[in-house]
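Novice: Have a look at this one.
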Amino acid sequence: MYQFNYQKAGSQDDAVSAAGSAEDPKFLAGGMTLIPTLKQRLAQPSDLIDLSGIDGLAGVEDNGDSITIGAMTRHVDVANNDTVKSKIPALAHLASHIGDPQVRNRGTIGGSLANNDPAADYPAAVLGLNATVITNKREIAADDFFDGMFTTALEEDELITAVKFPVPDKAGYTKFPNPASRYALVGVMVAQTGGETRVAVTGAGQDGVFRASDIESALSGNWSADAAKGVKMSDADLNSDIHASAEYRAHLISVMASRAVEAAG
Amino acid sequence: MPTVSMTVNGKTVSADVEPRTLLVQYLREHLGLTGTHVGCDTSQCGACVVHMNGESLKSCTILAAQAEGADVTTIEGLANGDELHPMQEAFRENHGLQCGFCTPGMVMSALDLVQKNPDPSEREVREWLEGNLCRCTGYHNIVKSILAGAEALRG
Ligand code: FES
Ligand code: FES
């Protein structure tokens with residue numbers, strides 16, 4: 001790791017003003033992606049601003065037709081939360097399969113979204129469930145939030161404070177994990193909410209998470225595993241690496257989407 | 001250099017470290033607690049698992065500074081003098097280790113499982129070990145050890 005300054009913020013305002021006065025700051029949430037990134041010397045921030053001391057950023061709130069999850073809520077706490085389990089079981093399922101138990105004990109939803117790893121699970125949940133990302137400045141719709149791999153609409157001193165998920169009529173998430181890292185080779189969230197069908201794919205796209213419009217059209221006419229499986233995805237903008245070719249990922253998208261539909265019921 | 005203080009295995013400790021010091025380096029290099037191992041650079045192997053405030057985490061993926069004020073338990077904190085902790089004893093009895101490199105992490109991870117789920121099924125044990133890699137045993141005896149350790153702890 002390169003050298004950096006470390007400070008623990010006591011409040012949101014503290015964190016934002018610390019970021020304002022640092023040369024190249026980074027907010028530190030659970031650190032499950034940031035610390036490995038620093039260890040590989042893939043980033044060289046001047047300052048790490050630890051958010052773990054800020055009150056009120058963790059927890060789940062039931063608003064009836066939506067649930068709000070605080071940015072610092074850990075994966076394990078989303079996975080085990082009764083409101084999440086009963087209202088959006090697909091989201092609890094997704095959270096319970098991120099990384100491994102030790103990663104889930106530290107990693108947070110806000111950290112995962114701000115980082116927007118192209119193979120992370122939460123981006124598929126936010127885009128597929130049409131969630132709203134709430135920051136210290138504004139509310140950002142899922143469709144406007146993700147901006148290509150590791151890039152989001154967030155400004156330098158903007159802090160995610162919570163994420164609001166509308167409760168879907170049906171939703172399912174299935175991923176094909178890399179056997180070592182548990183990151184998604186392909187992960188698909190399918191959801192139906194008030195007549196709208198959304199399908200979000202993580203792990204596969206060269207630009208990170210994306211909506212599979214062909215599968216969305218197939219499913220809006222006919223919500224069935226076969227309809228999803230029948231769609232032949234193009235491999236044009238998909239990743240190829242040592243784990244899987246673009247062609248294989250294209251095939252996996254339809255298969256994972258069909259299993260997600262089965263899981264959604 | 002900032003001073004980082006915490007409680008490790010029941011003792012208050014403190015050391016001046018660079019902000020970039022990982023918890024595992026703090027434990028091994030500053031406190032001499034070399035039972036916690038480093039097997040990878042990618043947060044995947046789990047050789048470095050310790051408990052912080054009662055839950056397992058990978059000490060290679062957290063800064064010592066983030067653990068300021070925390071209560072940390074490492075493998076060295078388990079035995080009672082010469083008497084092994086029941087989970088350690090179960091690993092010994094069931095040949096749950098060969099080279100032993102992964103063992104501290106396996107034991108610490110197992111103890112987090114059994115505190116949450118005192119009577120896990122074999123499948124639950126295998127799933128829980130997602131974040132712990134062993135290059136020697138093929139896992140079978142590790143799973144057996146954890147099941148036996150869980151039973152011993154249930155008493
Ligand atoms: S050394 Fe921590 S996970 Fe490998
Ligand atoms: S016993 Fe050798 S790595 Fe597990």
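Just so we're on the same page: first chain in the structure tokens is A, next is B, and so on; residues restart at 1 for each chain, and ligands are numbered from 1 in the order they show up.
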Excluding Met149 in chain A and residues on its chain fewer than 6 positions from it, collect all residues at most 9 Å away from it, counting only C-alpha atoms, and give them as a short mmCIF file (atom, residue, chain, number, x, y, z; two decimals) with all heavy atoms, in the first residue's frame.

Specialist:
```
data_model
loop_
_atom_site.label_atom_id
_atom_site.label_comp_id
_atom_site.auth_asym_id
_atom_site.auth_seq_id
_atom_site.Cartn_x
_atom_site.Cartn_y
_atom_site.Cartn_z
N ASN A 115 -18.54 2.00 -5.05
CA ASN A 115 -17.42 1.43 -5.77
C ASN A 115 -17.82 0.93 -7.16
O ASN A 115 -17.05 0.97 -8.10
CB ASN A 115 -16.85 0.28 -4.93
CG ASN A 115 -15.57 -0.27 -5.50
OD1 ASN A 115 -14.61 0.46 -5.67
ND2 ASN A 115 -15.58 -1.55 -5.84
N ASN A 116 -19.05 0.45 -7.27
CA ASN A 116 -19.58 -0.06 -8.55
C ASN A 116 -18.64 -1.01 -9.27
O ASN A 116 -18.31 -0.83 -10.44
CB ASN A 116 -19.98 1.11 -9.48
CG ASN A 116 -20.78 0.62 -10.68
OD1 ASN A 116 -21.33 -0.49 -10.67
ND2 ASN A 116 -20.85 1.43 -11.71
N ASP A 117 -18.19 -2.02 -8.55
CA ASP A 117 -17.40 -3.07 -9.18
C ASP A 117 -18.27 -3.75 -10.24
O ASP A 117 -19.43 -4.03 -10.00
CB ASP A 117 -16.98 -4.10 -8.12
CG ASP A 117 -15.99 -5.11 -8.67
OD1 ASP A 117 -16.36 -5.93 -9.53
OD2 ASP A 117 -14.83 -5.07 -8.23
N PRO A 118 -17.71 -4.00 -11.42
CA PRO A 118 -18.53 -4.59 -12.48
C PRO A 118 -19.04 -6.00 -12.17
O PRO A 118 -19.91 -6.50 -12.88
CB PRO A 118 -17.60 -4.59 -13.69
CG PRO A 118 -16.22 -4.46 -13.15
CD PRO A 118 -16.36 -3.68 -11.87
N GLY A 205 -21.03 -7.29 -18.17
CA GLY A 205 -20.90 -6.17 -19.11
C GLY A 205 -19.55 -5.47 -19.01
O GLY A 205 -19.02 -5.28 -17.92
N GLN A 206 -19.03 -5.04 -20.16
CA GLN A 206 -17.76 -4.29 -20.17
C GLN A 206 -17.92 -2.95 -19.46
O GLN A 206 -16.95 -2.37 -18.98
CB GLN A 206 -17.33 -4.03 -21.61
CG GLN A 206 -16.63 -5.24 -22.20
CD GLN A 206 -16.35 -5.07 -23.69
OE1 GLN A 206 -16.56 -4.02 -24.26
NE2 GLN A 206 -15.87 -6.15 -24.29
N ASP A 207 -19.14 -2.43 -19.42
CA ASP A 207 -19.39 -1.17 -18.74
C ASP A 207 -20.08 -1.37 -17.39
O ASP A 207 -20.75 -0.47 -16.90
CB ASP A 207 -20.25 -0.24 -19.61
CG ASP A 207 -19.46 0.24 -20.81
OD1 ASP A 207 -18.24 0.44 -20.66
OD2 ASP A 207 -20.06 0.38 -21.89
N GLY A 208 -19.95 -2.55 -16.83
CA GLY A 208 -20.59 -2.80 -15.55
C GLY A 208 -22.03 -3.22 -15.71
O GLY A 208 -22.44 -3.70 -16.76
N VAL A 209 -22.79 -3.00 -14.64
CA VAL A 209 -24.17 -3.48 -14.60
C VAL A 209 -24.99 -2.85 -15.74
O VAL A 209 -24.76 -1.70 -16.12
CB VAL A 209 -24.78 -3.16 -13.21
CG1 VAL A 209 -24.94 -1.66 -13.01
CG2 VAL A 209 -26.09 -3.88 -12.99
#
```

Novice: Write down as number ranges by chain the residues of range 115-227 of chain A whose backbone DSSP state falls under alpha helix (DSSP H).

Specialist: A: 115, 122-128, 142-145, 213-221, 225-227

Novice: Please produce an output containing N, CA, C and O atoms for each residue in the selection, written as an mmCIF file, in the first residue's frame.

Specialist:
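Saved file again_30.cif follows:
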```cif
data_model
loop_
_atom_site.group_PDB
_atom_site.id
_atom_site.type_symbol
_atom_site.label_atom_id
_atom_site.label_comp_id
_atom_site.auth_asym_id
_atom_site.auth_seq_id
_atom_site.Cartn_x
_atom_site.Cartn_y
_atom_site.Cartn_z
ATOM 1 N N ASN A 115 -18.544 1.997 -5.054
ATOM 2 C CA ASN A 115 -17.416 1.425 -5.773
ATOM 3 C C ASN A 115 -17.816 0.927 -7.158
ATOM 4 O O ASN A 115 -17.054 0.969 -8.103
ATOM 5 N N TYR A 122 -24.724 -5.960 -5.493
ATOM 6 C CA TYR A 122 -25.702 -4.902 -5.191
ATOM 7 C C TYR A 122 -26.092 -4.032 -6.394
ATOM 8 O O TYR A 122 -27.252 -3.615 -6.492
ATOM 9 N N PRO A 123 -25.165 -3.704 -7.296
ATOM 10 C CA PRO A 123 -25.614 -2.914 -8.449
ATOM 11 C C PRO A 123 -26.781 -3.578 -9.190
ATOM 12 O O PRO A 123 -27.713 -2.878 -9.632
ATOM 13 N N ALA A 124 -26.780 -4.909 -9.282
ATOM 14 C CA ALA A 124 -27.886 -5.584 -9.961
ATOM 15 C C ALA A 124 -29.184 -5.411 -9.178
ATOM 16 O O ALA A 124 -30.268 -5.277 -9.755
ATOM 17 N N ALA A 125 -29.095 -5.377 -7.857
ATOM 18 C CA ALA A 125 -30.299 -5.194 -7.040
ATOM 19 C C ALA A 125 -30.852 -3.790 -7.232
ATOM 20 O O ALA A 125 -32.057 -3.597 -7.415
ATOM 21 N N VAL A 126 -29.974 -2.811 -7.188
ATOM 22 C CA VAL A 126 -30.433 -1.417 -7.287
ATOM 23 C C VAL A 126 -31.046 -1.147 -8.659
ATOM 24 O O VAL A 126 -32.123 -0.559 -8.780
ATOM 25 N N LEU A 127 -30.378 -1.629 -9.708
ATOM 26 C CA LEU A 127 -30.887 -1.382 -11.057
ATOM 27 C C LEU A 127 -32.124 -2.242 -11.345
ATOM 28 O O LEU A 127 -33.106 -1.764 -11.922
ATOM 29 N N GLY A 128 -32.081 -3.505 -10.919
ATOM 30 C CA GLY A 128 -33.194 -4.404 -11.218
ATOM 31 C C GLY A 128 -34.449 -4.057 -10.436
ATOM 32 O O GLY A 128 -35.572 -4.190 -10.933
ATOM 33 N N ALA A 142 -31.924 4.819 -9.997
ATOM 34 C CA ALA A 142 -30.993 3.752 -10.366
ATOM 35 C C ALA A 142 -30.491 3.915 -11.795
ATOM 36 O O ALA A 142 -29.300 3.741 -12.075
ATOM 37 N N ASP A 143 -31.400 4.257 -12.703
ATOM 38 C CA ASP A 143 -31.002 4.347 -14.117
ATOM 39 C C ASP A 143 -29.973 5.453 -14.370
ATOM 40 O O ASP A 143 -29.297 5.453 -15.381
ATOM 41 N N ASP A 144 -29.867 6.410 -13.438
ATOM 42 C CA ASP A 144 -28.902 7.507 -13.617
ATOM 43 C C ASP A 144 -27.646 7.328 -12.768
ATOM 44 O O ASP A 144 -26.724 8.135 -12.843
ATOM 45 N N PHE A 145 -27.632 6.301 -11.923
ATOM 46 C CA PHE A 145 -26.549 6.207 -10.930
ATOM 47 C C PHE A 145 -25.275 5.566 -11.485
ATOM 48 O O PHE A 145 -24.174 6.049 -11.267
ATOM 49 N N SER A 213 -32.530 -5.487 -22.078
ATOM 50 C CA SER A 213 -33.846 -5.084 -22.587
ATOM 51 C C SER A 213 -34.533 -6.214 -23.365
ATOM 52 O O SER A 213 -35.761 -6.319 -23.333
ATOM 53 N N ASP A 214 -33.761 -7.061 -24.034
ATOM 54 C CA ASP A 214 -34.385 -8.171 -24.767
ATOM 55 C C ASP A 214 -35.105 -9.112 -23.809
ATOM 56 O O ASP A 214 -36.207 -9.590 -24.090
ATOM 57 N N ILE A 215 -34.484 -9.393 -22.687
ATOM 58 C CA ILE A 215 -35.133 -10.292 -21.717
ATOM 59 C C ILE A 215 -36.305 -9.572 -21.055
ATOM 60 O O ILE A 215 -37.343 -10.174 -20.794
ATOM 61 N N GLU A 216 -36.159 -8.280 -20.829
ATOM 62 C CA GLU A 216 -37.283 -7.517 -20.259
ATOM 63 C C GLU A 216 -38.508 -7.617 -21.175
ATOM 64 O O GLU A 216 -39.620 -7.865 -20.704
ATOM 65 N N SER A 217 -38.305 -7.428 -22.493
ATOM 66 C CA SER A 217 -39.469 -7.506 -23.394
ATOM 67 C C SER A 217 -40.045 -8.915 -23.388
ATOM 68 O O SER A 217 -41.266 -9.091 -23.355
ATOM 69 N N ALA A 218 -39.175 -9.924 -23.432
ATOM 70 C CA ALA A 218 -39.679 -11.298 -23.450
ATOM 71 C C ALA A 218 -40.503 -11.578 -22.201
ATOM 72 O O ALA A 218 -41.575 -12.195 -22.264
ATOM 73 N N LEU A 219 -40.018 -11.091 -21.042
ATOM 74 C CA LEU A 219 -40.709 -11.399 -19.786
ATOM 75 C C LEU A 219 -41.962 -10.551 -19.583
ATOM 76 O O LEU A 219 -42.889 -10.978 -18.906
ATOM 77 N N SER A 220 -41.996 -9.348 -20.167
ATOM 78 C CA SER A 220 -43.207 -8.559 -19.914
ATOM 79 C C SER A 220 -44.401 -9.165 -20.642
ATOM 80 O O SER A 220 -45.527 -9.047 -20.160
ATOM 81 N N GLY A 221 -44.143 -9.840 -21.766
ATOM 82 C CA GLY A 221 -45.253 -10.524 -22.438
ATOM 83 C C GLY A 221 -45.573 -11.857 -21.784
ATOM 84 O O GLY A 221 -46.724 -12.295 -21.760
ATOM 85 N N ALA A 225 -39.805 -18.842 -16.985
ATOM 86 C CA ALA A 225 -38.400 -19.217 -17.117
ATOM 87 C C ALA A 225 -38.066 -19.496 -18.586
ATOM 88 O O ALA A 225 -36.988 -19.104 -19.070
ATOM 89 N N ASP A 226 -38.986 -20.126 -19.299
ATOM 90 C CA ASP A 226 -38.724 -20.452 -20.707
ATOM 91 C C ASP A 226 -38.562 -19.197 -21.561
ATOM 92 O O ASP A 226 -37.725 -19.162 -22.466
ATOM 93 N N ALA A 227 -39.396 -18.196 -21.276
ATOM 94 C CA ALA A 227 -39.299 -16.951 -22.054
ATOM 95 C C ALA A 227 -37.919 -16.334 -21.881
ATOM 96 O O ALA A 227 -37.298 -15.867 -22.842
#
```

Novice: Determine, using only C-alpha atoms and all ligand atoms, which residues of chain B have any atom at most 6 Å from an atom of ligand 2, and tabulate each with its shortest atom pair and distance in Å to one decimal place, rows ordered by chain and then rising number, as CSV.

Specialist:
```
residue,atom,partner,partner_atom_place_in_ligand_line,distance
B:Leu97,CA,ligand 2,1 (S),4.1
B:Gln98,CA,ligand 2,1 (S),4.1
B:Cys99,CA,ligand 2,2 (Fe),3.9
B:Gly100,CA,ligand 2,1 (S),4.1
B:Phe101,CA,ligand 2,3 (S),4.6
B:Cys102,CA,ligand 2,4 (Fe),4.3
B:Thr103,CA,ligand 2,4 (Fe),5.9
B:Cys134,CA,ligand 2,4 (Fe),3.7
B:Arg135,CA,ligand 2,3 (S),4.2
B:Cys136,CA,ligand 2,2 (Fe),4.3
B:Thr137,CA,ligand 2,1 (S),5.7
```

Novice: Take the residues from that selection and put them in a file with all heavy atoms, as a compact mmCIF listing (two decimals), in the first residue's frame.

Specialist:
```txt
# COMPACT_ATOMS: atom_id res chain seq x y z
N LEU B 97 -5.95 -31.07 10.37
CA LEU B 97 -4.89 -30.27 9.76
C LEU B 97 -3.77 -31.16 9.29
O LEU B 97 -3.55 -32.25 9.83
CB LEU B 97 -4.34 -29.24 10.75
CG LEU B 97 -3.78 -29.73 12.08
CD1 LEU B 97 -2.62 -28.86 12.50
CD2 LEU B 97 -4.87 -29.71 13.13
N GLN B 98 -3.07 -30.68 8.26
CA GLN B 98 -1.85 -31.35 7.84
C GLN B 98 -0.69 -30.40 8.08
O GLN B 98 -0.02 -30.49 9.09
CB GLN B 98 -1.98 -31.81 6.40
CG GLN B 98 -2.92 -33.02 6.32
CD GLN B 98 -3.04 -33.59 4.93
OE1 GLN B 98 -2.16 -33.43 4.09
NE2 GLN B 98 -4.14 -34.27 4.67
N CYS B 99 -0.50 -29.41 7.21
CA CYS B 99 0.60 -28.47 7.46
C CYS B 99 0.23 -27.48 8.55
O CYS B 99 1.09 -26.88 9.18
CB CYS B 99 1.01 -27.74 6.19
SG CYS B 99 -0.08 -26.37 5.77
N GLY B 100 -1.07 -27.23 8.73
CA GLY B 100 -1.50 -26.33 9.80
C GLY B 100 -1.57 -24.86 9.43
O GLY B 100 -1.94 -24.03 10.25
N PHE B 101 -1.23 -24.55 8.17
CA PHE B 101 -1.18 -23.13 7.81
C PHE B 101 -2.55 -22.47 7.88
O PHE B 101 -2.70 -21.35 8.38
CB PHE B 101 -0.59 -22.95 6.39
CG PHE B 101 -0.30 -21.51 6.09
CD1 PHE B 101 0.91 -20.94 6.48
CD2 PHE B 101 -1.23 -20.71 5.46
CE1 PHE B 101 1.17 -19.60 6.24
CE2 PHE B 101 -0.98 -19.37 5.21
CZ PHE B 101 0.24 -18.82 5.61
N CYS B 102 -3.57 -23.16 7.42
CA CYS B 102 -4.91 -22.56 7.38
C CYS B 102 -5.63 -22.66 8.72
O CYS B 102 -6.69 -22.07 8.91
CB CYS B 102 -5.76 -23.26 6.31
SG CYS B 102 -6.19 -24.97 6.78
N THR B 103 -5.07 -23.49 9.62
CA THR B 103 -5.81 -23.90 10.81
C THR B 103 -6.26 -22.77 11.73
O THR B 103 -7.42 -22.77 12.16
CB THR B 103 -5.00 -24.96 11.60
OG1 THR B 103 -4.47 -25.90 10.66
CG2 THR B 103 -5.86 -25.67 12.61
N CYS B 134 -7.94 -24.31 2.24
CA CYS B 134 -6.91 -25.21 2.75
C CYS B 134 -6.24 -25.88 1.57
O CYS B 134 -6.91 -26.37 0.68
CB CYS B 134 -7.55 -26.27 3.65
SG CYS B 134 -6.34 -27.51 4.20
N ARG B 135 -4.91 -25.89 1.58
CA ARG B 135 -4.21 -26.48 0.43
C ARG B 135 -3.88 -27.95 0.68
O ARG B 135 -3.30 -28.60 -0.16
CB ARG B 135 -2.93 -25.69 0.15
CG ARG B 135 -2.01 -25.68 1.35
CD ARG B 135 -0.86 -24.70 1.23
NE ARG B 135 -0.13 -24.68 2.49
CZ ARG B 135 0.89 -23.89 2.76
NH1 ARG B 135 1.31 -23.03 1.85
NH2 ARG B 135 1.50 -23.93 3.92
N CYS B 136 -4.21 -28.47 1.88
CA CYS B 136 -3.76 -29.82 2.22
C CYS B 136 -4.87 -30.86 2.36
O CYS B 136 -4.76 -31.94 1.82
CB CYS B 136 -3.01 -29.82 3.55
SG CYS B 136 -1.63 -28.70 3.64
N THR B 137 -5.88 -30.56 3.15
CA THR B 137 -6.69 -31.67 3.68
C THR B 137 -7.84 -32.11 2.80
O THR B 137 -8.45 -33.13 3.08
CB THR B 137 -7.33 -31.28 5.03
OG1 THR B 137 -8.34 -30.29 4.77
CG2 THR B 137 -6.33 -30.74 5.99
```

Novice: Might you pull out every residue within 12 Å of Tyr139 in chain B, with only C-alpha atoms counted and same-chain residues fewer than 3 positions away left off, and present them as a PyMOL selection string?

Specialist: chain B and resi 91+94-98+102-103+106+122+125-127+129-130+132-136+142-146

Novice: Measuring between only C-alpha atoms, which one of B:Ser14, B:Ser5, B:Asn80, B:Ser109 shows the shortest distance to Cys45 in chain B?

Specialist: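 The shortest atom-to-atom distance to Cys45 in chain B comes from B:Ser109.
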
Novice: Using only C-alpha atoms and all ligand atoms, what does the table of chain A residues within 10 Å of ligand 1 look like, with each row giving the shortest atom pair and its distance in Å to one decimal, sorted by chain and ascending number, as a Markdown table?

Specialist:
```
| residue | atom | partner | partner_atom_place_in_ligand_line | distance |
| --- | --- | --- | --- | --- |
| A:Pro36 | CA | ligand 1 | 2 (Fe) | 9.9 |
| A:Gln102 | CA | ligand 1 | 3 (S) | 9.2 |
| A:Val103 | CA | ligand 1 | 3 (S) | 9.6 |
```

Novice: Considering only C-alpha atoms, extract the chain B residues located within 7 Å of chain A and return them as a VMD selection string.

Specialist: chain B and resid 19 to 20 42 44 56 to 58 61 to 62 128 130 to 131

Novice: Atoms to include: all heavy atoms. Write the selected residues as a JSON list (two decimals), in the first residue's frame.

Specialist:
```
[["chain", "number", "residue", "atom", "x", "y", "z"],
["B", 19, "PRO", "N", -0.59, 4.72, 9.22],
["B", 19, "PRO", "CA", -2.01, 4.51, 8.93],
["B", 19, "PRO", "C", -2.23, 3.31, 8.01],
["B", 19, "PRO", "O", -3.28, 2.66, 8.08],
["B", 19, "PRO", "CB", -2.42, 5.80, 8.22],
["B", 19, "PRO", "CG", -1.45, 6.83, 8.70],
["B", 19, "PRO", "CD", -0.17, 6.11, 8.95],
["B", 20, "ARG", "N", -1.29, 3.00, 7.15],
["B", 20, "ARG", "CA", -1.51, 1.90, 6.20],
["B", 20, "ARG", "C", -1.27, 0.52, 6.81],
["B", 20, "ARG", "O", -1.34, -0.49, 6.11],
["B", 20, "ARG", "CB", -0.63, 2.09, 4.96],
["B", 20, "ARG", "CG", 0.85, 2.06, 5.26],
["B", 20, "ARG", "CD", 1.66, 2.19, 3.99],
["B", 20, "ARG", "NE", 3.06, 2.49, 4.28],
["B", 20, "ARG", "CZ", 4.00, 2.56, 3.35],
["B", 20, "ARG", "NH1", 3.69, 2.37, 2.10],
["B", 20, "ARG", "NH2", 5.24, 2.85, 3.69],
["B", 42, "THR", "N", -5.49, -11.26, -1.54],
["B", 42, "THR", "CA", -6.73, -10.98, -2.25],
["B", 42, "THR", "C", -7.97, -11.22, -1.38],
["B", 42, "THR", "O", -9.07, -11.34, -1.91],
["B", 42, "THR", "CB", -6.82, -11.87, -3.50],
["B", 42, "THR", "OG1", -6.52, -13.21, -3.12],
["B", 42, "THR", "CG2", -5.84, -11.42, -4.56],
["B", 44, "GLN", "N", -9.04, -13.80, 0.09],
["B", 44, "GLN", "CA", -9.77, -15.02, -0.26],
["B", 44, "GLN", "C", -9.48, -16.22, 0.65],
["B", 44, "GLN", "O", -10.32, -17.09, 0.79],
["B", 44, "GLN", "CB", -9.48, -15.42, -1.71],
["B", 44, "GLN", "CG", -10.21, -14.50, -2.68],
["B", 44, "GLN", "CD", -9.78, -14.67, -4.12],
["B", 44, "GLN", "OE1", -8.81, -15.37, -4.41],
["B", 44, "GLN", "NE2", -10.49, -14.04, -5.02],
["B", 56, "SER", "N", -16.22, -12.79, 13.30],
["B", 56, "SER", "CA", -15.03, -13.10, 12.52],
["B", 56, "SER", "C", -14.84, -12.09, 11.39],
["B", 56, "SER", "O", -15.81, -11.64, 10.78],
["B", 56, "SER", "CB", -15.12, -14.51, 11.95],
["B", 56, "SER", "OG", -16.24, -14.66, 11.12],
["B", 57, "LEU", "N", -13.60, -11.78, 11.12],
["B", 57, "LEU", "CA", -13.27, -10.95, 9.97],
["B", 57, "LEU", "C", -11.87, -11.31, 9.50],
["B", 57, "LEU", "O", -11.13, -12.00, 10.18],
["B", 57, "LEU", "CB", -13.39, -9.46, 10.30],
["B", 57, "LEU", "CG", -12.59, -8.90, 11.47],
["B", 57, "LEU", "CD1", -11.12, -8.75, 11.14],
["B", 57, "LEU", "CD2", -13.14, -7.55, 11.85],
["B", 58, "LYS", "N", -11.55, -10.80, 8.31],
["B", 58, "LYS", "CA", -10.24, -11.07, 7.74],
["B", 58, "LYS", "C", -9.30, -9.94, 8.13],
["B", 58, "LYS", "O", -9.47, -8.80, 7.69],
["B", 58, "LYS", "CB", -10.36, -11.22, 6.22],
["B", 58, "LYS", "CG", -11.17, -12.48, 5.90],
["B", 58, "LYS", "CD", -11.32, -12.79, 4.44],
["B", 58, "LYS", "CE", -11.84, -14.23, 4.32],
["B", 58, "LYS", "NZ", -12.18, -14.61, 2.95],
["B", 61, "THR", "N", -7.70, -7.46, 5.78],
["B", 61, "THR", "CA", -8.54, -6.57, 4.97],
["B", 61, "THR", "C", -9.16, -5.50, 5.85],
["B", 61, "THR", "O", -10.27, -5.05, 5.62],
["B", 61, "THR", "CB", -9.60, -7.40, 4.21],
["B", 61, "THR", "OG1", -8.95, -8.54, 3.66],
["B", 61, "THR", "CG2", -10.23, -6.63, 3.07],
["B", 62, "ILE", "N", -8.46, -5.12, 6.89],
["B", 62, "ILE", "CA", -8.88, -4.03, 7.74],
["B", 62, "ILE", "C", -7.62, -3.37, 8.28],
["B", 62, "ILE", "O", -6.62, -4.05, 8.58],
["B", 62, "ILE", "CB", -9.80, -4.56, 8.88],
["B", 62, "ILE", "CG1", -10.14, -3.44, 9.86],
["B", 62, "ILE", "CG2", -9.19, -5.74, 9.62],
["B", 62, "ILE", "CD1", -11.18, -3.85, 10.92],
["B", 128, "TRP", "N", -20.30, -22.34, 5.21],
["B", 128, "TRP", "CA", -19.67, -21.31, 6.04],
["B", 128, "TRP", "C", -18.19, -21.15, 5.69],
["B", 128, "TRP", "O", -17.62, -20.08, 5.83],
["B", 128, "TRP", "CB", -19.83, -21.67, 7.52],
["B", 128, "TRP", "CG", -19.29, -20.60, 8.42],
["B", 128, "TRP", "CD1", -18.05, -20.56, 8.99],
["B", 128, "TRP", "CD2", -19.96, -19.39, 8.82],
["B", 128, "TRP", "NE1", -17.91, -19.40, 9.73],
["B", 128, "TRP", "CE2", -19.08, -18.67, 9.64],
["B", 128, "TRP", "CE3", -21.24, -18.86, 8.56],
["B", 128, "TRP", "CZ2", -19.41, -17.44, 10.21],
["B", 128, "TRP", "CZ3", -21.56, -17.63, 9.14],
["B", 128, "TRP", "CH2", -20.66, -16.95, 9.95],
["B", 130, "GLU", "N", -16.75, -20.98, 2.96],
["B", 130, "GLU", "CA", -16.52, -20.31, 1.67],
["B", 130, "GLU", "C", -15.27, -19.45, 1.68],
["B", 130, "GLU", "O", -14.56, -19.37, 0.69],
["B", 130, "GLU", "CB", -17.69, -19.35, 1.41],
["B", 130, "GLU", "CG", -18.72, -19.85, 0.49],
["B", 130, "GLU", "CD", -19.91, -18.87, 0.41],
["B", 130, "GLU", "OE1", -19.82, -17.74, 0.94],
["B", 130, "GLU", "OE2", -20.90, -19.24, -0.18],
["B", 131, "GLY", "N", -15.03, -18.78, 2.81],
["B", 131, "GLY", "CA", -13.93, -17.82, 2.86],
["B", 131, "GLY", "C", -12.66, -18.38, 3.48],
["B", 131, "GLY", "O", -11.78, -17.62, 3.87]]
```

Novice: Would you mind reading off the distance between CA of Pro25 in chain A and CA of Lys164 in chain A, one decimal, in Å?

Specialist: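 CA of Pro25 in chain A sits 26.3 Å away from CA of Lys164 in chain A.
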